[in-house]
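One file, final_25.txt, carrying compact mmCIF, C-alpha atoms and all ligand atoms:
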# COMPACT_ATOMS: atom_id res chain seq x y z
CA MET V 1 51.58 -77.92 116.42
CA SER V 2 54.35 -78.76 118.82
CA VAL V 3 58.11 -78.37 118.75
CA THR V 4 60.56 -79.87 121.21
CA THR V 5 63.85 -78.14 120.43
CA THR V 6 65.77 -76.35 117.70
CA PRO V 7 69.50 -76.66 117.17
CA LYS V 8 70.25 -72.93 116.81
CA LEU V 9 68.82 -71.67 120.11
CA ARG V 10 71.16 -69.43 122.11
CA GLN V 11 71.30 -68.57 125.80
CA ARG V 12 69.90 -65.04 125.67
CA ALA V 13 70.59 -62.82 128.69
CA GLU V 14 68.04 -60.28 127.45
CA TYR V 15 65.39 -62.95 127.99
CA THR V 16 66.26 -63.44 131.68
CA HIS V 17 65.79 -61.37 134.83
CA ARG V 18 69.24 -59.76 134.16
CA TYR V 19 67.57 -57.53 131.61
CA ASN V 20 65.35 -56.07 134.37
CA THR V 21 67.95 -54.93 136.87
CA ARG V 22 68.54 -51.43 135.50
CA LEU V 23 64.98 -50.77 134.42
CA GLY V 24 63.59 -48.60 137.23
CA ARG V 25 61.10 -50.42 139.44
CA HIS V 26 61.73 -53.63 137.52
CA GLY V 27 65.24 -53.53 138.97
CA TRP V 28 64.24 -52.92 142.58
CA LEU V 29 65.05 -56.44 143.77
CA ARG V 30 66.92 -59.10 141.97
CA LEU V 31 64.68 -62.13 142.47
CA THR V 32 65.63 -65.46 140.96
CA PRO V 33 62.02 -66.28 140.02
CA ALA V 34 61.73 -63.20 137.80
CA TYR V 35 61.63 -63.58 134.04
CA SER V 36 62.64 -60.97 131.56
CA LEU V 37 60.59 -57.87 130.99
CA ARG V 38 61.55 -58.23 127.35
CA VAL V 39 59.55 -61.44 126.93
CA VAL V 40 56.50 -59.78 128.48
CA GLU V 41 56.90 -56.61 126.41
CA GLU V 42 57.06 -58.63 123.21
CA LEU V 43 53.94 -60.59 124.08
CA LEU V 44 51.99 -57.49 125.14
CA ALA V 45 53.10 -55.54 122.08
CA GLY V 46 50.98 -57.84 119.95
CA CYS V 47 47.79 -57.03 121.91
CA GLY V 48 45.33 -54.16 121.64
CA PRO V 49 45.02 -51.20 124.07
CA HIS V 50 43.30 -51.10 127.48
CA LEU V 51 43.10 -54.80 128.17
CA ARG V 52 42.85 -56.75 131.39
CA VAL V 53 46.03 -58.78 131.82
CA LEU V 54 46.32 -61.73 134.19
CA ASP V 55 49.46 -63.24 135.69
CA PRO V 56 48.44 -66.18 137.91
CA PHE V 57 52.07 -66.68 139.04
CA CYS V 58 53.09 -63.19 140.05
CA GLY V 59 56.60 -63.68 141.46
CA ALA V 60 58.26 -60.28 141.46
CA GLY V 61 55.36 -58.75 139.53
CA THR V 62 57.10 -58.34 136.16
CA THR V 63 53.96 -58.90 134.08
CA ALA V 64 51.73 -56.78 136.30
CA LEU V 65 54.06 -53.77 136.22
CA ALA V 66 54.80 -54.08 132.50
CA ALA V 67 51.08 -54.32 131.72
CA ALA V 68 50.15 -51.38 133.96
CA ASN V 69 52.95 -49.26 132.45
CA ARG V 70 51.31 -49.84 129.07
CA GLY V 71 47.92 -48.77 130.41
CA HIS V 72 46.45 -52.27 130.83
CA GLU V 73 44.73 -53.16 134.09
CA ALA V 74 46.48 -56.11 135.66
CA GLY V 75 45.50 -58.84 138.10
CA THR V 76 48.08 -61.13 139.62
CA VAL V 77 48.26 -63.90 142.23
CA ASP V 78 50.99 -65.43 144.31
CA ILE V 79 51.00 -67.92 147.13
CA ASN V 80 54.00 -66.27 148.79
CA PRO V 81 53.02 -63.33 151.04
CA PHE V 82 56.42 -61.67 150.68
CA LEU V 83 56.05 -61.53 146.88
CA VAL V 84 52.52 -60.17 147.25
CA TRP V 85 53.82 -57.40 149.54
CA PHE V 86 56.68 -56.66 147.18
CA THR V 87 54.52 -56.53 144.05
CA ARG V 88 52.01 -54.26 145.78
CA ALA V 89 54.85 -51.89 146.67
CA LYS V 90 56.31 -52.17 143.18
CA THR V 91 53.06 -51.39 141.35
CA ALA V 92 51.65 -48.74 143.73
CA THR V 93 51.17 -45.09 142.84
CA TYR V 94 53.38 -42.70 144.82
CA GLY V 95 52.80 -38.96 144.98
CA SER V 96 55.69 -36.48 145.19
CA ARG V 97 54.74 -35.95 148.83
CA GLU V 98 55.35 -39.63 149.67
CA ILE V 99 58.67 -39.53 147.86
CA VAL V 100 59.83 -36.47 149.79
CA GLU V 101 58.60 -38.01 153.05
CA THR V 102 60.45 -41.25 152.27
CA GLU V 103 63.70 -39.42 151.61
CA ALA V 104 63.34 -37.46 154.86
CA ALA V 105 62.43 -40.63 156.77
CA GLY V 106 65.46 -42.40 155.31
CA GLU V 107 67.75 -39.62 156.56
CA ALA V 108 66.07 -39.68 159.97
CA ALA V 109 66.60 -43.45 160.15
CA LEU V 110 70.28 -43.09 159.28
CA GLN V 111 70.74 -40.46 161.99
CA LYS V 112 69.27 -42.87 164.51
CA VAL V 113 71.58 -45.64 163.33
CA HIS V 114 74.60 -43.36 163.36
CA ARG V 115 73.98 -42.24 166.92
CA ARG V 116 72.75 -45.68 167.98
CA LYS V 117 69.65 -43.87 169.25
CA ILE V 118 67.48 -46.94 168.93
CA GLY V 119 67.74 -50.56 170.06
CA PRO V 120 68.44 -53.11 167.28
CA VAL V 121 65.80 -55.62 166.21
CA GLU V 122 66.40 -59.29 167.05
CA GLU V 123 68.67 -61.16 164.70
CA PRO V 124 66.57 -63.05 162.12
CA PRO V 125 66.48 -66.75 163.07
CA MET V 126 68.14 -67.94 159.84
CA HIS V 127 70.05 -71.18 159.80
CA ARG V 128 73.81 -70.43 159.70
CA ILE V 129 73.24 -66.71 159.32
CA GLU V 130 76.98 -66.10 159.70
CA ARG V 131 77.43 -67.49 156.20
CA TRP V 132 75.35 -64.62 154.83
CA TRP V 133 76.70 -61.62 156.72
CA PRO V 134 79.59 -61.13 159.16
CA SER V 135 78.49 -60.06 162.65
CA SER V 136 79.37 -56.36 162.17
CA ASP V 137 77.15 -56.07 159.07
CA ARG V 138 74.36 -58.04 160.73
CA MET V 139 74.44 -55.63 163.65
CA TYR V 140 74.26 -52.66 161.29
CA LEU V 141 71.26 -54.19 159.52
CA ARG V 142 69.56 -54.82 162.86
CA TYR V 143 69.91 -51.14 163.85
CA LEU V 144 68.79 -50.01 160.43
CA LYS V 145 65.71 -52.26 160.45
CA ALA V 146 64.68 -50.91 163.86
CA ALA V 147 65.17 -47.35 162.64
CA VAL V 148 63.14 -47.96 159.47
CA GLU V 149 60.22 -49.19 161.57
CA ASP V 150 60.56 -46.26 163.94
CA VAL V 151 60.58 -43.47 161.35
CA SER V 152 57.89 -44.83 159.00
CA GLN V 153 54.79 -42.67 159.40
CA SER V 154 52.80 -44.32 156.62
CA ASP V 155 52.60 -47.70 154.87
CA GLN V 156 53.94 -46.26 151.63
CA VAL V 157 56.99 -44.76 153.31
CA ARG V 158 57.61 -48.02 155.17
CA ASP V 159 57.28 -50.01 151.92
CA LEU V 160 59.81 -47.91 150.03
CA LEU V 161 62.27 -47.94 152.94
CA ASN V 162 61.89 -51.70 153.23
CA VAL V 163 62.56 -52.21 149.52
CA ALA V 164 65.77 -50.18 149.93
CA PHE V 165 66.55 -52.18 153.08
CA CYS V 166 66.14 -55.45 151.12
CA ARG V 167 68.53 -54.13 148.47
CA LEU V 168 71.11 -53.43 151.15
CA VAL V 169 70.56 -56.86 152.73
CA ILE V 170 71.58 -58.48 149.44
CA ARG V 171 74.34 -56.00 148.67
CA LEU V 172 76.00 -56.83 151.99
CA SER V 173 75.46 -60.57 151.78
CA ALA V 174 78.01 -63.20 150.78
CA ALA V 175 75.49 -64.92 148.51
CA ALA V 176 76.42 -65.23 144.85
CA PHE V 177 73.62 -65.10 142.32
CA ASN V 178 75.57 -66.07 139.27
CA HIS V 179 73.92 -69.47 138.97
CA GLN V 180 70.33 -70.34 138.37
CA SER V 181 69.94 -70.52 142.15
CA MET V 182 72.09 -68.80 144.73
CA SER V 183 75.24 -70.14 146.33
CA PHE V 184 77.81 -68.74 148.77
CA LYS V 185 81.10 -67.03 148.17
CA ASP V 186 83.82 -68.45 150.40
CA ALA V 187 83.46 -66.42 153.59
CA ALA V 188 81.23 -63.56 154.57
CA GLN V 189 83.39 -60.42 154.74
CA SER V 190 82.24 -57.03 155.88
CA LYS V 191 81.39 -54.70 153.03
CA LEU V 192 80.55 -51.89 155.42
CA ASP V 193 84.20 -51.73 156.51
CA LEU V 194 85.13 -50.85 152.95
CA ALA V 195 82.65 -48.00 152.69
CA VAL V 196 83.84 -44.46 153.43
CA ASP V 197 80.49 -43.75 155.04
CA GLU V 198 78.56 -46.87 155.99
CA ASN V 199 75.27 -44.98 155.79
CA ASP V 200 75.96 -44.00 152.23
CA LEU V 201 75.23 -47.52 151.01
CA PHE V 202 71.64 -47.35 152.23
CA ARG V 203 71.33 -43.83 150.82
CA GLN V 204 72.35 -45.13 147.38
CA GLU V 205 69.82 -47.94 147.53
CA LEU V 206 67.05 -45.62 148.68
CA ARG V 207 67.84 -43.17 145.89
CA PHE V 208 67.44 -45.96 143.32
CA VAL V 209 64.10 -46.92 144.86
CA THR V 210 62.65 -43.40 145.10
CA GLU V 211 63.75 -42.68 141.54
CA GLY V 212 61.77 -45.72 140.33
CA ALA V 213 58.83 -44.79 142.58
CA SER V 214 58.50 -41.39 140.92
CA TYR V 215 57.44 -43.05 137.62
CA ASN V 216 53.93 -44.34 138.30
CA PRO V 217 52.19 -47.07 136.32
CA ALA V 218 49.42 -45.84 134.04
CA ALA V 219 46.79 -48.34 135.25
CA ARG V 220 45.61 -50.17 138.34
CA VAL V 221 47.09 -53.47 139.53
CA SER V 222 45.32 -55.90 141.82
CA VAL V 223 47.70 -58.25 143.65
CA VAL V 224 46.03 -61.19 145.39
CA LEU V 225 47.47 -63.58 147.95
CA GLY V 226 45.97 -66.85 146.73
CA ASP V 227 46.34 -70.21 145.08
CA SER V 228 46.28 -70.39 141.29
CA ARG V 229 45.10 -73.99 141.39
CA ALA V 230 41.76 -72.27 142.10
CA VAL V 231 42.10 -68.94 140.23
CA GLN V 232 38.33 -68.46 140.20
CA GLN V 233 38.53 -67.75 143.95
CA CYS V 234 40.91 -64.84 143.37
CA PHE V 235 39.00 -62.57 140.94
CA ASP V 236 35.40 -61.65 140.10
CA GLU V 237 36.18 -60.00 136.77
CA SER V 238 37.50 -61.67 133.64
CA PHE V 239 40.73 -61.11 131.72
CA ASP V 240 41.64 -60.66 128.03
CA VAL V 241 45.24 -61.92 128.09
CA VAL V 242 47.40 -64.16 130.28
CA VAL V 243 51.17 -63.69 130.37
CA THR V 244 52.87 -65.78 133.00
CA SER V 245 55.74 -68.03 133.99
CA PRO V 246 54.63 -70.75 136.37
CA PRO V 247 57.22 -72.52 138.55
CA TYR V 248 59.37 -74.91 136.52
CA ALA V 249 59.58 -78.60 137.35
CA ASN V 250 63.25 -78.19 138.21
CA ARG V 251 63.24 -78.46 142.00
CA MET V 252 64.18 -74.84 142.48
CA SER V 253 62.67 -73.57 145.70
CA TYR V 254 61.53 -69.94 145.56
CA ILE V 255 61.33 -69.88 149.34
CA ARG V 256 64.93 -70.98 149.60
CA GLU V 257 66.00 -68.21 147.23
CA LEU V 258 63.94 -65.58 148.99
CA ARG V 259 65.05 -66.48 152.53
CA PRO V 260 67.13 -63.37 153.26
CA TYR V 261 64.27 -60.99 152.45
CA MET V 262 61.64 -63.15 154.08
CA TYR V 263 63.50 -63.56 157.36
CA TRP V 264 64.58 -59.91 157.67
CA LEU V 265 61.05 -58.68 156.90
CA GLY V 266 59.44 -61.16 159.31
CA TYR V 267 57.69 -63.37 156.72
CA LEU V 268 59.52 -66.44 158.05
CA GLN V 269 60.31 -67.41 161.63
CA ASN V 270 61.85 -70.85 161.17
CA GLY V 271 62.75 -73.60 158.74
CA ARG V 272 59.52 -75.47 159.36
CA GLU V 273 57.47 -72.50 158.17
CA ALA V 274 59.69 -72.26 155.10
CA GLY V 275 59.09 -75.95 154.29
CA GLU V 276 55.31 -75.59 154.83
CA LEU V 277 55.13 -72.66 152.44
CA ASP V 278 57.20 -74.55 149.90
CA TRP V 279 54.82 -77.51 150.15
CA GLN V 280 51.90 -75.19 149.35
CA ALA V 281 53.71 -73.84 146.28
CA ILE V 282 53.65 -75.65 142.95
CA GLY V 283 56.99 -77.39 142.40
CA GLY V 284 58.07 -76.79 146.01
CA THR V 285 60.51 -79.34 147.26
CA TRP V 286 62.39 -78.03 150.26
CA GLY V 287 62.52 -79.41 153.80
CA VAL V 288 59.19 -80.90 154.85
CA ALA V 289 57.97 -80.67 151.25
CA THR V 290 60.43 -83.38 150.22
CA SER V 291 59.48 -85.79 153.01
CA ARG V 292 55.76 -85.32 152.25
CA LEU V 293 56.30 -86.27 148.64
CA GLY V 294 57.21 -89.76 149.84
CA LYS V 295 53.60 -90.27 150.98
CA TRP V 296 51.85 -88.26 148.29
CA GLN V 297 49.27 -89.92 145.98
CA ARG V 298 47.69 -88.37 142.90
CA ALA V 299 44.02 -87.44 143.26
CA ALA V 300 41.62 -89.72 141.39
CA ASP V 301 39.92 -86.84 139.53
CA VAL V 302 43.06 -85.62 137.73
CA ARG V 303 44.02 -87.11 134.36
CA LEU V 304 47.61 -86.52 133.30
CA PRO V 305 48.99 -86.68 129.75
CA ASP V 306 50.56 -90.00 128.75
CA GLN V 307 53.93 -88.41 127.98
CA LEU V 308 54.14 -87.16 131.57
CA LEU V 309 53.15 -90.51 133.06
CA ASP V 310 55.70 -92.20 130.83
CA ALA V 311 58.49 -89.87 132.11
CA VAL V 312 57.31 -90.42 135.71
CA GLY V 313 57.50 -94.20 135.21
CA ARG V 314 61.01 -93.98 133.75
CA ILE V 315 62.27 -91.74 136.57
CA ALA V 316 60.78 -94.11 139.18
CA GLY V 317 62.35 -97.08 137.40
CA SER V 318 65.77 -95.45 137.01
CA GLY V 319 67.18 -97.52 139.85
CA ARG V 320 68.49 -94.35 141.56
CA SER V 321 67.94 -93.96 145.29
CA ASN V 322 65.79 -90.82 144.90
CA GLY V 323 63.97 -92.11 141.83
CA SER V 324 60.59 -92.61 143.49
CA VAL V 325 60.63 -89.22 145.27
CA LEU V 326 61.58 -87.42 142.07
CA ALA V 327 58.93 -89.32 140.14
CA ALA V 328 56.34 -88.21 142.73
CA TYR V 329 57.68 -84.65 142.44
CA VAL V 330 57.12 -84.58 138.68
CA GLU V 331 53.71 -86.26 138.95
CA LYS V 332 52.54 -83.81 141.62
CA TYR V 333 53.79 -80.93 139.51
CA GLY V 334 51.63 -82.28 136.66
CA GLU V 335 48.60 -82.55 138.93
CA ASP V 336 49.03 -78.96 140.16
CA VAL V 337 49.40 -77.61 136.64
CA ALA V 338 46.34 -79.59 135.52
CA ARG V 339 44.31 -78.03 138.34
CA HIS V 340 45.50 -74.56 137.46
CA LEU V 341 44.73 -74.93 133.75
CA ALA V 342 41.30 -76.39 134.52
CA SER V 343 40.47 -73.38 136.70
CA VAL V 344 41.98 -70.46 134.76
CA GLY V 345 39.25 -70.42 132.10
CA CYS V 346 36.75 -69.32 134.77
CA VAL V 347 38.40 -65.89 134.81
CA LEU V 348 38.99 -65.52 131.05
CA ARG V 349 36.70 -64.01 128.48
CA PRO V 350 36.12 -66.15 125.39
CA GLY V 351 38.90 -65.47 122.87
CA ALA V 352 41.46 -64.56 125.53
CA ARG V 353 44.97 -65.56 124.51
CA ALA V 354 47.12 -67.18 127.22
CA HIS V 355 50.92 -67.40 127.11
CA TYR V 356 52.82 -69.68 129.50
CA ILE V 357 56.62 -69.38 129.64
CA VAL V 358 57.85 -72.78 130.78
CA GLY V 359 61.11 -74.68 130.98
CA ASN V 360 61.64 -78.40 130.43
CA SER V 361 63.81 -80.49 132.75
CA VAL V 362 65.86 -83.65 132.92
CA PHE V 363 65.88 -86.13 135.81
CA TYR V 364 68.36 -89.02 135.70
CA GLY V 365 68.62 -88.67 131.95
CA VAL V 366 64.82 -88.64 131.47
CA LEU V 367 63.64 -85.54 129.59
CA VAL V 368 60.41 -84.11 130.99
CA ALA V 369 58.99 -82.27 127.97
CA ILE V 370 56.83 -80.02 130.09
CA GLU V 371 55.91 -77.78 127.14
CA GLU V 372 54.08 -80.75 125.62
CA VAL V 373 52.36 -81.41 128.93
CA TYR V 374 51.13 -77.80 129.07
CA ALA V 375 49.98 -77.97 125.46
CA THR V 376 47.98 -81.18 126.08
CA LEU V 377 46.48 -79.92 129.32
CA MET V 378 45.54 -76.59 127.71
CA ARG V 379 43.70 -78.37 124.88
CA ARG V 380 41.88 -80.57 127.37
CA ALA V 381 40.91 -77.53 129.45
CA GLY V 382 39.29 -75.80 126.44
CA PHE V 383 42.05 -73.80 124.74
CA GLU V 384 42.33 -73.84 120.95
CA ASN V 385 45.16 -72.91 118.53
CA VAL V 386 47.69 -74.16 121.04
CA GLU V 387 51.26 -73.48 119.91
CA VAL V 388 54.66 -74.25 121.39
CA ARG V 389 57.50 -71.87 120.53
CA PRO V 390 61.06 -72.28 121.83
CA ILE V 391 62.47 -69.01 123.20
CA ARG V 392 65.98 -69.69 124.42
CA LYS V 393 68.45 -72.22 125.72
CA ARG V 394 68.49 -72.19 129.51
CA ASN V 395 72.09 -73.18 130.20
CA SER V 396 74.94 -75.16 128.80
CA LYS V 397 72.92 -78.41 128.77
CA LYS V 398 71.68 -78.41 125.23
CA GLU V 399 68.35 -80.08 125.95
CA LEU V 400 67.23 -77.45 128.52
CA VAL V 401 65.06 -74.94 126.71
CA GLU V 402 62.53 -72.28 127.63
CA PHE V 403 59.29 -72.29 125.63
CA CYS V 404 56.26 -70.11 125.20
CA VAL V 405 53.09 -72.23 125.12
CA SER V 406 50.12 -70.18 123.88
CA GLY V 407 46.45 -70.96 123.43
CA THR V 408 43.10 -69.21 122.89
CA TRP V 409 40.34 -69.73 125.45
CA SER V 410 37.44 -71.24 123.55
CA PRO V 411 34.87 -72.60 126.02
C1 LIG V 501 58.58 -68.51 137.97
S1 LIG V 501 57.92 -67.62 139.32
C2 LIG V 501 57.14 -66.26 138.51
C3 LIG V 501 58.11 -65.19 138.13
C4 LIG V 501 57.50 -63.95 137.57
N1 LIG V 501 57.11 -64.15 136.18
C5 LIG V 501 58.48 -62.80 137.69
O1 LIG V 501 58.92 -62.27 136.66
O2 LIG V 501 58.86 -62.47 138.80
C6 LIG V 501 56.58 -68.60 139.83
C7 LIG V 501 55.80 -68.03 141.01
O3 LIG V 501 54.66 -68.86 141.23
C8 LIG V 501 54.37 -68.79 142.62
N2 LIG V 501 53.48 -69.92 142.94
C9 LIG V 501 53.81 -71.22 143.17
N3 LIG V 501 52.71 -71.95 143.41
C10 LIG V 501 51.66 -71.10 143.35
C11 LIG V 501 50.26 -71.27 143.49
N4 LIG V 501 49.72 -72.46 143.77
N5 LIG V 501 49.47 -70.19 143.33
C12 LIG V 501 50.00 -68.97 143.06
N6 LIG V 501 51.32 -68.75 142.92
C13 LIG V 501 52.14 -69.81 143.05
C14 LIG V 501 55.73 -68.83 143.28
O4 LIG V 501 55.67 -68.31 144.58
C15 LIG V 501 56.56 -67.96 142.32
O5 LIG V 501 56.60 -66.65 142.76
As structure tokens, the full file:
Amino acid sequence: MSVTTTPKLRQRAEYTHRYNTRLGRHGWLRLTPAYSLRVVEELLAGCGPHLRVLDPFCGAGTTALAAANRGHEAGTVDINPFLVWFTRAKTATYGSREIVETEAAGEAALQKVHRRKIGPVEEPPMHRIERWWPSSDRMYLRYLKAAVEDVSQSDQVRDLLNVAFCRLVIRLSAAAFNHQSMSFKDAAQSKLDLAVDENDLFRQELRFVTEGASYNPAARVSVVLGDSRAVQQCFDESFDVVVTSPPYANRMSYIRELRPYMYWLGYLQNGREAGELDWQAIGGTWGVATSRLGKWQRAADVRLPDQLLDAVGRIAGSGRSNGSVLAAYVEKYGEDVARHLASVGCVLRPGARAHYIVGNSVFYGVLVAIEEVYATLMRRAGFENVEVRPIRKRNSKKELVEFCVSGTWSP
């Protein structure tokens, strides 16, 4: 069965990442790629106990943490090393000793910053960094980063301090996250100037992080840095359920959104690296990724559904200057998804139910009904009982809808 849209769908904030922000570890960092814990909870609620849950597109680790909190073992993959680091920190087990050590290390770091007892780290080489933070706040962050490195006696302490540091990085920034992707408020103004005690801001963030860290997940999580177009290379064991949200074909770059964290934590050194990583990612389209699309050709061994090829043809023939690049973008997205769906069965046990949360898109008036593309590719890959269920409207454009596409692995 397949459904394209229903007239009564609402935009539902509880089905977006906004729902996660106050929920302990789920609220540690506000990452645009995150979906709502609520969606995951609802899908997992229908499953039995002690399962192995797979999320091949980890992002901020929402599925992995939700599954582990319910006592399911989880395996998850992401191509972005920052997200792998973050999800490992978010799903780790912390003892009360580590929490006490982290709090003490945080205070020691703040003393060093206060007395300027340590040299600052280099400024991250971000393009137009002054748009993000005014120079006084950047300098404070540079001292704080150096102090965090200096006082961290163990990886776990360093991880928790760095999560709190990332929270402060965003709290001080001039970026606005009220759209689907981030934008800038008019001018970066110091927020530290407004604080009675500048160090108190970091203290607040660290308190939120250590509070979340004191509630440990009930099961183990394995977080793999890898490519889900070849999931079989990431795990030896098989899984009972898949709950995931792959990148959408909407030209949103996760790397672009994650820049502040990735630069401050040293995961990016320059724009070229950012573009390279985006090119590796499914749906990436930033910097070098866009220019490469111009030369990209679909591999001969991948067969795409007719409805996708039809949309690709109409986008290319739209007469718009970017028509051919956007058509290649959508076609490459289809190829990547086809590769993923052809590989995921290798790590599923027969009967495993897979749920993909996906969003459709529109390019130059051409609707790309990606939910239908997933449904067709899942059937071809060996899934049965494939269903498409609309979940919510994505924004004010009435045709943009989020769907859950589900199927049962039946090799
Ligand atoms: C929509 S986000 C997932 C969000 C996640 N459900 C959450 O709540 O945070 C999609 C993720 O897929 C990752 N990704 C893109 N291409 C990938 C690939 N080839 N293999 C593994 N992960 C990939 C991106 O880095 C991004 O984190």
Neighbourhood of ligand LIG 501 (chain V) at 8 Å, counting all atoms listed in the file, reported as a ChimeraX atom specification: /V:17,31-37,55-63,77-80,83,225-229,244-248,254-255,280-284,336,340
Go ahead and dump the residues you just picked, C-alpha atoms, as a PDB file, in the coordinates of the input.
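What follows is the written file result_35.pdb:
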ATOM      1  CA  HIS V  17      65.790 -61.370 134.830  1.00  0.00           C
ATOM      2  CA  LEU V  31      64.680 -62.130 142.470  1.00  0.00           C
ATOM      3  CA  THR V  32      65.630 -65.460 140.960  1.00  0.00           C
ATOM      4  CA  PRO V  33      62.020 -66.280 140.020  1.00  0.00           C
ATOM      5  CA  ALA V  34      61.730 -63.200 137.800  1.00  0.00           C
ATOM      6  CA  TYR V  35      61.630 -63.580 134.040  1.00  0.00           C
ATOM      7  CA  SER V  36      62.640 -60.970 131.560  1.00  0.00           C
ATOM      8  CA  LEU V  37      60.590 -57.870 130.990  1.00  0.00           C
ATOM      9  CA  ASP V  55      49.460 -63.240 135.690  1.00  0.00           C
ATOM     10  CA  PRO V  56      48.440 -66.180 137.910  1.00  0.00           C
ATOM     11  CA  PHE V  57      52.070 -66.680 139.040  1.00  0.00           C
ATOM     12  CA  CYS V  58      53.090 -63.190 140.050  1.00  0.00           C
ATOM     13  CA  GLY V  59      56.600 -63.680 141.460  1.00  0.00           C
ATOM     14  CA  ALA V  60      58.260 -60.280 141.460  1.00  0.00           C
ATOM     15  CA  GLY V  61      55.360 -58.750 139.530  1.00  0.00           C
ATOM     16  CA  THR V  62      57.100 -58.340 136.160  1.00  0.00           C
ATOM     17  CA  THR V  63      53.960 -58.900 134.080  1.00  0.00           C
ATOM     18  CA  VAL V  77      48.260 -63.900 142.230  1.00  0.00           C
ATOM     19  CA  ASP V  78      50.990 -65.430 144.310  1.00  0.00           C
ATOM     20  CA  ILE V  79      51.000 -67.920 147.130  1.00  0.00           C
ATOM     21  CA  ASN V  80      54.000 -66.270 148.790  1.00  0.00           C
ATOM     22  CA  LEU V  83      56.050 -61.530 146.880  1.00  0.00           C
ATOM     23  CA  LEU V 225      47.470 -63.580 147.950  1.00  0.00           C
ATOM     24  CA  GLY V 226      45.970 -66.850 146.730  1.00  0.00           C
ATOM     25  CA  ASP V 227      46.340 -70.210 145.080  1.00  0.00           C
ATOM     26  CA  SER V 228      46.280 -70.390 141.290  1.00  0.00           C
ATOM     27  CA  ARG V 229      45.100 -73.990 141.390  1.00  0.00           C
ATOM     28  CA  THR V 244      52.870 -65.780 133.000  1.00  0.00           C
ATOM     29  CA  SER V 245      55.740 -68.030 133.990  1.00  0.00           C
ATOM     30  CA  PRO V 246      54.630 -70.750 136.370  1.00  0.00           C
ATOM     31  CA  PRO V 247      57.220 -72.520 138.550  1.00  0.00           C
ATOM     32  CA  TYR V 248      59.370 -74.910 136.520  1.00  0.00           C
ATOM     33  CA  TYR V 254      61.530 -69.940 145.560  1.00  0.00           C
ATOM     34  CA  ILE V 255      61.330 -69.880 149.340  1.00  0.00           C
ATOM     35  CA  GLN V 280      51.900 -75.190 149.350  1.00  0.00           C
ATOM     36  CA  ALA V 281      53.710 -73.840 146.280  1.00  0.00           C
ATOM     37  CA  ILE V 282      53.650 -75.650 142.950  1.00  0.00           C
ATOM     38  CA  GLY V 283      56.990 -77.390 142.400  1.00  0.00           C
ATOM     39  CA  GLY V 284      58.070 -76.790 146.010  1.00  0.00           C
ATOM     40  CA  ASP V 336      49.030 -78.960 140.160  1.00  0.00           C
ATOM     41  CA  HIS V 340      45.500 -74.560 137.460  1.00  0.00           C
TER      42      HIS V 340
END
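Distances here use only C-alpha atoms; by that measure, the residue among V:Ser135, V:Asn216, V:Ser406, V:Gln232 closest to Val344 in chain V is V:Gln232.
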Residues near Met126 in chain V, cut-off 9 Å, only C-alpha atoms, skip fewer than 3 positions along chain, as a PDB file with C-alpha atoms, in the frame of the given file:
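Result file selection-v8.pdb:
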ATOM      1  CA  GLU V 123      68.670 -61.160 164.700  1.00  0.00           C
ATOM      2  CA  ILE V 129      73.240 -66.710 159.320  1.00  0.00           C
ATOM      3  CA  ARG V 259      65.050 -66.480 152.530  1.00  0.00           C
ATOM      4  CA  PRO V 260      67.130 -63.370 153.260  1.00  0.00           C
ATOM      5  CA  TYR V 263      63.500 -63.560 157.360  1.00  0.00           C
ATOM      6  CA  LEU V 268      59.520 -66.440 158.050  1.00  0.00           C
ATOM      7  CA  GLN V 269      60.310 -67.410 161.630  1.00  0.00           C
ATOM      8  CA  ASN V 270      61.850 -70.850 161.170  1.00  0.00           C
ATOM      9  CA  GLY V 271      62.750 -73.600 158.740  1.00  0.00           C
TER      10      GLY V 271
END
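If you measure from each of V:Val312, V:Ala354, V:Leu265, V:Val388 to Phe239 in chain V using all atoms listed in the file, the closest one turns out to be V:Ala354.
Across V:Thr285, V:Arg88, V:Arg167, V:Arg220, the tightest approach to Gly71 in chain V is made by V:Arg220 when counting only C-alpha atoms.
Of the residues under consideration (V:Arg251, V:Arg303, V:Lys397, V:Arg353), V:Arg303 shows the shortest atom-to-atom contact distance to Val373 in chain V when counting all atoms listed in the file.
All polymer residues at most 6 Å from (68.8, -46.0, 160.4), using only C-alpha atoms, appear as Ala109, Leu110, Lys112, Val113, Leu144 and Ala147 of chain V.
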Sel. within 12 Å of pt (53.3, -78.6, 128.8), counting all atoms listed in the file, output as a PyMOL selection string: chain V and resi 2-4+246+248-249+304-308+333-335+337-338+341+355-361+368-380+386-389+402-407
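Between Val223 in chain V and the candidates V:Leu23, V:Val84, V:Ala289, V:Val157, the tightest atom-to-atom separation, counting all atoms listed in the file, involves V:Val84.
The space separating CA of Cys47 in chain V from CA of Tyr94 in chain V comes to 27.6 Å.
One distance worth recording is that between CA of Ala164 in chain V and CA of Lys145 in chain V, which is 10.7 Å.
Between CA of Gly27 in chain V and CA of Glu276 in chain V lies a distance of 28.9 Å.
Nearest-residue note for Ser173 in chain V: choosing from V:Leu161, V:Leu141, V:Leu348, V:Val242, the minimum distance belongs to V:Leu141, counting all atoms listed in the file.
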To test the calculation: enclose all listed atoms of range 294-312 of chain V in a box whose edges run along x, y and z, add 4 Å on each side, then state centre and edge lengths in Å to one decimal, as JSON.
{"center_x": 49.2, "center_y": -88.9, "center_z": 139.5, "size_x": 26.6, "size_y": 14.6, "size_z": 31.0}
